[in-house]
$ cat target-v8.cif   # mmCIF, C-alpha atoms
data_final
loop_
_atom_site.label_atom_id
_atom_site.label_comp_id
_atom_site.auth_asym_id
_atom_site.auth_seq_id
_atom_site.Cartn_x
_atom_site.Cartn_y
_atom_site.Cartn_z
CA MET A 1 6.05 2.26 23.65
CA SER A 2 8.30 4.36 21.38
CA GLN A 3 10.14 1.38 19.86
CA GLN A 4 6.87 -0.53 19.44
CA SER A 5 5.18 2.49 17.83
CA SER A 6 7.96 2.89 15.30
CA MET A 7 7.87 -0.78 14.47
CA HIS A 8 4.10 -0.65 13.92
CA PHE A 9 4.52 2.27 11.52
CA TYR A 10 7.13 0.43 9.45
CA LEU A 11 5.23 -2.85 9.49
CA ASN A 12 1.98 -1.16 8.44
CA TRP A 13 3.84 0.70 5.69
CA ALA A 14 5.42 -2.51 4.36
CA LYS A 15 2.24 -4.58 4.67
CA GLU A 16 0.26 -2.00 2.70
CA ARG A 17 2.79 -2.21 -0.13
CA ILE A 18 2.81 -6.02 -0.10
CA ASP A 19 -0.99 -6.09 -0.14
CA GLU A 20 -0.96 -3.82 -3.21
CA MET A 21 1.64 -6.01 -4.90
CA ASP A 22 -0.42 -9.11 -4.18
CA ALA A 23 -3.57 -7.43 -5.53
CA ALA A 24 -1.81 -6.38 -8.74
CA LEU A 25 -0.35 -9.87 -9.17
CA ALA A 26 -3.77 -11.48 -8.65
CA SER A 27 -5.25 -9.16 -11.26
CA PHE A 28 -2.53 -10.03 -13.77
CA GLU A 29 -2.93 -13.75 -13.03
CA VAL A 30 -6.57 -13.52 -14.08
CA LYS A 31 -5.46 -11.70 -17.25
CA ALA A 32 -2.82 -14.37 -17.96
CA GLY A 33 -5.45 -17.08 -17.74
CA GLN A 34 -7.59 -15.30 -20.32
CA ALA A 35 -4.80 -14.15 -22.66
CA LYS A 36 -4.24 -15.35 -26.18
CA ALA A 37 -0.97 -17.11 -26.96
CA GLU A 38 1.05 -14.06 -28.07
CA SER A 39 -0.03 -11.79 -25.20
CA LYS A 40 0.12 -14.68 -22.73
CA VAL A 41 3.90 -14.82 -23.08
CA LYS A 42 4.17 -11.11 -22.23
CA THR A 43 1.72 -11.39 -19.35
CA ASP A 44 3.47 -14.49 -17.98
CA GLN A 45 6.81 -12.67 -18.14
CA LEU A 46 5.30 -9.66 -16.38
CA LEU A 47 3.88 -11.94 -13.69
CA SER A 48 7.25 -13.61 -13.23
CA ASP A 49 9.09 -10.28 -12.98
CA LEU A 50 6.55 -8.74 -10.59
CA THR A 51 6.51 -11.86 -8.42
CA THR A 52 10.31 -11.73 -8.19
CA ARG A 53 10.11 -8.07 -7.13
CA ARG A 54 7.41 -8.79 -4.55
CA ASP A 55 9.38 -11.76 -3.17
CA ALA A 56 12.54 -9.65 -2.86
CA PHE A 57 10.52 -6.98 -1.02
CA GLN A 58 9.11 -9.61 1.38
CA ALA A 59 12.54 -11.17 1.94
CA MET A 60 14.01 -7.79 2.88
CA LEU A 61 11.05 -7.16 5.15
CA ARG A 62 11.58 -10.49 6.94
CA THR A 63 15.24 -9.68 7.58
CA GLN A 64 14.20 -6.36 9.17
CA ALA A 65 11.37 -7.79 11.28
CA GLU A 66 13.54 -8.02 14.39
CA ALA A 67 15.70 -4.98 13.69
CA GLY A 68 15.63 -1.75 15.63
CA GLU A 69 14.31 1.59 14.47
CA ALA A 70 17.64 2.76 13.02
CA ALA A 71 17.89 -0.36 10.86
CA TRP A 72 14.30 0.15 9.72
CA THR A 73 15.00 3.70 8.68
CA ASP A 74 17.83 2.50 6.43
CA ALA A 75 15.88 -0.49 5.13
CA LYS A 76 12.83 1.64 4.33
CA ALA A 77 14.83 3.54 1.72
CA ASP A 78 15.77 0.25 0.03
CA LEU A 79 12.20 -1.03 0.30
CA GLU A 80 10.92 2.21 -1.25
CA LYS A 81 13.28 1.67 -4.21
CA GLN A 82 11.96 -1.87 -4.67
CA TRP A 83 8.39 -0.63 -4.40
CA ALA A 84 9.08 2.08 -7.00
CA GLY A 85 10.51 -0.56 -9.34
CA PHE A 86 7.36 -2.66 -8.97
CA GLU A 87 5.14 0.35 -9.68
CA ALA A 88 7.25 1.41 -12.65
CA GLN A 89 7.02 -2.05 -14.20
CA VAL A 90 3.22 -2.07 -13.88
CA LYS A 91 3.08 1.41 -15.43
CA THR A 92 5.39 0.38 -18.27
CA TYR A 93 3.20 -2.64 -18.96
CA PHE A 94 0.05 -0.55 -19.23
CA GLU A 95 1.74 2.10 -21.34
CA GLY A 96 3.28 -0.49 -23.69
CA ALA A 97 0.27 -2.77 -23.93
CA GLY A 98 -1.92 -0.19 -25.59
CA LYS A 99 -5.42 0.37 -24.39
CA GLN A 100 -5.85 -2.34 -21.79
CA PHE A 101 -8.90 -0.60 -20.37
CA GLU A 102 -10.49 -3.66 -18.75
CA GLN A 103 -7.20 -4.82 -17.26
CA GLN A 104 -6.39 -1.31 -15.99
CA GLN A 105 -9.78 -1.06 -14.34
CA ALA A 106 -9.53 -4.53 -12.81
CA THR A 107 -6.03 -3.86 -11.49
CA PHE A 108 -7.00 -0.44 -10.15
CA LYS A 109 -10.07 -1.90 -8.44
CA ASP A 110 -8.03 -4.69 -6.82
CA VAL A 111 -5.23 -2.38 -5.70
CA ALA A 112 -7.70 0.21 -4.35
CA ALA A 113 -9.44 -2.56 -2.39
CA ALA A 114 -6.07 -3.62 -0.98
CA GLN A 115 -5.40 -0.03 0.09
CA ALA A 116 -8.79 0.25 1.78
CA LYS A 117 -8.17 -3.02 3.61
CA ALA A 118 -4.75 -1.78 4.76
CA TRP A 119 -6.32 1.40 6.16
CA ARG A 120 -8.87 -0.64 8.12
CA GLU A 121 -6.28 -3.07 9.44
CA ALA A 122 -3.91 -0.26 10.48
CA ALA A 123 -6.75 1.49 12.31
CA ASP A 124 -7.63 -1.78 14.07
CA LYS A 125 -4.01 -2.31 15.17
CA PHE A 126 -3.83 1.26 16.36
CA ARG A 127 -7.09 0.90 18.31
CA GLU A 128 -5.77 -2.24 19.97
CA ALA A 129 -2.48 -0.57 20.92
CA ALA A 130 -4.32 2.56 22.05
CA GLY A 131 -6.31 0.47 24.50
CA LYS A 132 -3.04 -0.17 26.31
CA VAL A 133 -2.10 3.50 26.65
CA ALA A 134 -2.50 5.36 29.92
CA ALA A 135 -5.60 7.51 30.36
CA ALA A 136 -3.50 10.68 30.16
CA ARG A 137 -2.86 10.04 26.47
CA THR A 138 -6.43 9.00 25.65
CA VAL A 139 -7.50 12.35 24.17
CA ASP A 140 -4.52 12.52 21.77
CA VAL A 141 -4.86 8.87 20.84
CA ASP A 142 -8.61 9.15 20.25
CA ALA A 143 -8.10 12.23 18.09
CA ALA A 144 -5.42 10.45 16.04
CA LEU A 145 -7.67 7.40 15.60
CA GLN A 146 -10.61 9.55 14.49
CA GLN A 147 -8.36 11.43 12.05
CA MET A 148 -7.07 8.14 10.64
CA LYS A 149 -10.61 6.85 10.15
CA SER A 150 -11.69 10.14 8.55
CA ASP A 151 -8.68 10.14 6.21
CA ALA A 152 -9.40 6.51 5.31
CA SER A 153 -13.01 7.33 4.45
CA GLU A 154 -11.96 10.28 2.30
CA ALA A 155 -9.36 8.21 0.45
CA GLU A 156 -11.79 5.38 -0.12
CA ALA A 157 -14.42 7.82 -1.42
CA ARG A 158 -11.94 9.35 -3.90
CA LEU A 159 -10.92 5.91 -5.14
CA GLN A 160 -14.56 4.84 -5.43
CA LYS A 161 -15.29 7.95 -7.50
CA LEU A 162 -12.48 7.02 -9.90
CA LYS A 163 -13.73 3.43 -10.08
CA GLN A 164 -17.15 4.75 -11.07
CA ALA A 165 -15.72 7.08 -13.71
CA GLY A 166 -14.05 4.14 -15.39
CA SER A 167 -12.39 5.95 -18.29
CA GLU A 168 -9.18 7.22 -16.76
CA SER A 169 -5.69 6.32 -17.98
CA TRP A 170 -3.38 4.21 -15.84
CA SER A 171 -1.32 7.33 -15.08
CA VAL A 172 -4.38 9.04 -13.56
CA LEU A 173 -5.40 5.89 -11.66
CA SER A 174 -1.84 5.34 -10.46
CA ALA A 175 -1.58 8.96 -9.28
CA ALA A 176 -4.79 8.53 -7.26
CA LEU A 177 -3.39 5.37 -5.66
CA ALA A 178 -0.13 7.19 -4.87
CA GLU A 179 -2.05 10.08 -3.28
CA SER A 180 -4.05 7.63 -1.16
CA ARG A 181 -0.86 5.76 -0.24
CA LYS A 182 0.81 9.02 0.86
CA ALA A 183 -2.22 9.90 3.00
CA PHE A 184 -2.07 6.40 4.52
CA ASP A 185 1.59 6.85 5.41
CA GLN A 186 0.95 10.26 6.99
CA ALA A 187 -2.06 9.05 8.99
CA ASN A 188 -0.20 5.91 10.06
CA GLN A 189 2.80 7.95 11.25
CA ALA A 190 0.64 10.52 13.07
CA ALA A 191 -1.33 7.79 14.85
CA TRP A 192 1.76 6.01 16.11
CA ASN A 193 3.39 9.31 17.10
CA ALA A 194 0.32 10.05 19.23
CA LEU A 195 0.74 6.70 20.95
CA LYS A 196 4.37 7.27 21.79
CA GLY A 197 3.69 10.81 22.97
CA GLY A 198 5.18 12.64 20.03
CA ASP A 199 3.67 15.40 18.03
CA PRO A 200 0.71 13.80 16.17
CA LYS A 201 1.25 16.22 13.27
CA SER A 202 4.89 15.24 12.60
#
$ encode --input "target-v8.cif" --output "structure tokens"
Amino acid sequence: MSQQSSMHFYLNWAKERIDEMDAALASFEVKAGQAKAESKVKTDQLLSDLTTRRDAFQAMLRTQAEAGEAAWTDAKADLEKQWAGFEAQVKTYFEGAGKQFEQQQATFKDVAAAQAKAWREAADKFREAAGKVAAARTVDVDAALQQMKSDASEAEARLQKLKQAGSESWSVLSAALAESRKAFDQANQAAWNALKGGDPKS
């Protein structure tokens, strides 16, 4: 179960990032369709650059799909760098494009929805895997699952509150997404540690 648990953690981590990338790209595609000629060139270039980054991330993920835990640990550092580059490019776009309030809100909403979906899917995968665990581990696994669901609800509530506020800068919105992403990673790791018999808090 240990190898499988580690793989689930890494796959959930990577899928959450890809889902966010896809959500951001979809948001920018809508913007590109509505843009005037001069801003359309910039938006199309942004879309092209972000798509290239997302595709490189996915390609690296595919090469690691069959790798062991040690290879994943090394690859995760490279994937994190690619993810940071994607995030930085989105931030640079919003900072350089002036007050793109509607686009910021649309992108934030789409990315927050992708995060919420990732939380739900990770909890579902964990529940399925937990069903296969021996009864002796049931208490730890159930506690980890409940904690993951609770953390997901809290994160979703914070993101919903920001969506309702509607007047925050991209830096504030991005920081909220990063905080939610960090909580997702911690909950994901704790859940899979509980399944493999490790310390759920590590």
$ closest_residue --input "target-v8.cif" --among "A:Leu162, A:Arg127, A:Trp119, A:Lys132" --to "Ser150 of chain A" --atoms "only C-alpha atoms"
A:Trp119
$ residues_around --input "target-v8.cif" --residues "segment 28-42 of chain A" --least-positions-apart "4" --cutoff "8 Å" --atoms "only C-alpha atoms" --output "VMD selection string"
chain A and resid 24 46 to 47 103 107
$ closest_residue --input "target-v8.cif" --among "A:Asp49, A:Glu168, A:Asp142, A:Asp151" --to "Gln89 of chain A" --atoms "all atoms listed in the file"
A:Asp49
$ resolve_selection --input "target-v8.cif" --expression "the PyMOL selection byres ((chain A and resi 79) around 10)" --output "list in words"
Ala14, Arg17, Ala56, Phe57, Gln58, Met60, Leu61, Trp72, Asp74, Ala75, Lys76, Ala77, Asp78, Glu80, Lys81, Gln82, Trp83, Ala84 and Gly85 of chain A
$ closest_residue --input "target-v8.cif" --among "A:His8, A:Lys125, A:Arg53, A:Lys109" --to "Trp170 of chain A" --atoms "all atoms listed in the file"
A:Lys109
$ resolve_selection --input "target-v8.cif" --expression "the PyMOL selection byres ((chain A and resi 173) around 9)" --output "PyMOL selection string"
chain A and resi 104-105+108+159+162-163+168-172+174-178
$ atom_distance --input "target-v8.cif" --atom1 "atom CA of Phe86 of chain A" --atom2 "atom CA of Thr73 of chain A"
20.3 Å
$ closest_residue --input "target-v8.cif" --among "A:Lys117, A:Leu50, A:Gln64, A:Ala71" --to "Tyr93 of chain A" --atoms "all atoms listed in the file"
A:Leu50
$ closest_residue --input "target-v8.cif" --among "A:Lys149, A:Glu156, A:Ala113, A:Phe126" --to "Asp22 of chain A" --atoms "only C-alpha atoms"
A:Ala113
$ resolve_selection --input "target-v8.cif" --expression "the PyMOL selection byres ((chain A and resi 13) around 10)" --output "mmCIF file with C-alpha atoms, in the coordinates of the input"
data_model
loop_
_atom_site.group_PDB
_atom_site.id
_atom_site.type_symbol
_atom_site.label_atom_id
_atom_site.label_comp_id
_atom_site.auth_asym_id
_atom_site.auth_seq_id
_atom_site.Cartn_x
_atom_site.Cartn_y
_atom_site.Cartn_z
ATOM 1 C CA MET A 7 7.870 -0.780 14.470
ATOM 2 C CA HIS A 8 4.100 -0.650 13.920
ATOM 3 C CA PHE A 9 4.520 2.270 11.520
ATOM 4 C CA TYR A 10 7.130 0.430 9.450
ATOM 5 C CA LEU A 11 5.230 -2.850 9.490
ATOM 6 C CA ASN A 12 1.980 -1.160 8.440
ATOM 7 C CA ALA A 14 5.420 -2.510 4.360
ATOM 8 C CA LYS A 15 2.240 -4.580 4.670
ATOM 9 C CA GLU A 16 0.260 -2.000 2.700
ATOM 10 C CA ARG A 17 2.790 -2.210 -0.130
ATOM 11 C CA ILE A 18 2.810 -6.020 -0.100
ATOM 12 C CA LYS A 76 12.830 1.640 4.330
ATOM 13 C CA ALA A 118 -4.750 -1.780 4.760
ATOM 14 C CA ALA A 122 -3.910 -0.260 10.480
ATOM 15 C CA ARG A 181 -0.860 5.760 -0.240
ATOM 16 C CA PHE A 184 -2.070 6.400 4.520
ATOM 17 C CA ASP A 185 1.590 6.850 5.410
ATOM 18 C CA ASN A 188 -0.200 5.910 10.060
ATOM 19 C CA GLN A 189 2.800 7.950 11.250
#
$ atom_distance --input "target-v8.cif" --atom1 "atom CA of Asp140 of chain A" --atom2 "atom CA of Ala194 of chain A"
6.0 Å
$ atom_distance --input "target-v8.cif" --atom1 "atom CA of Asp44 of chain A" --atom2 "atom CA of Ser180 of chain A"
28.8 Å
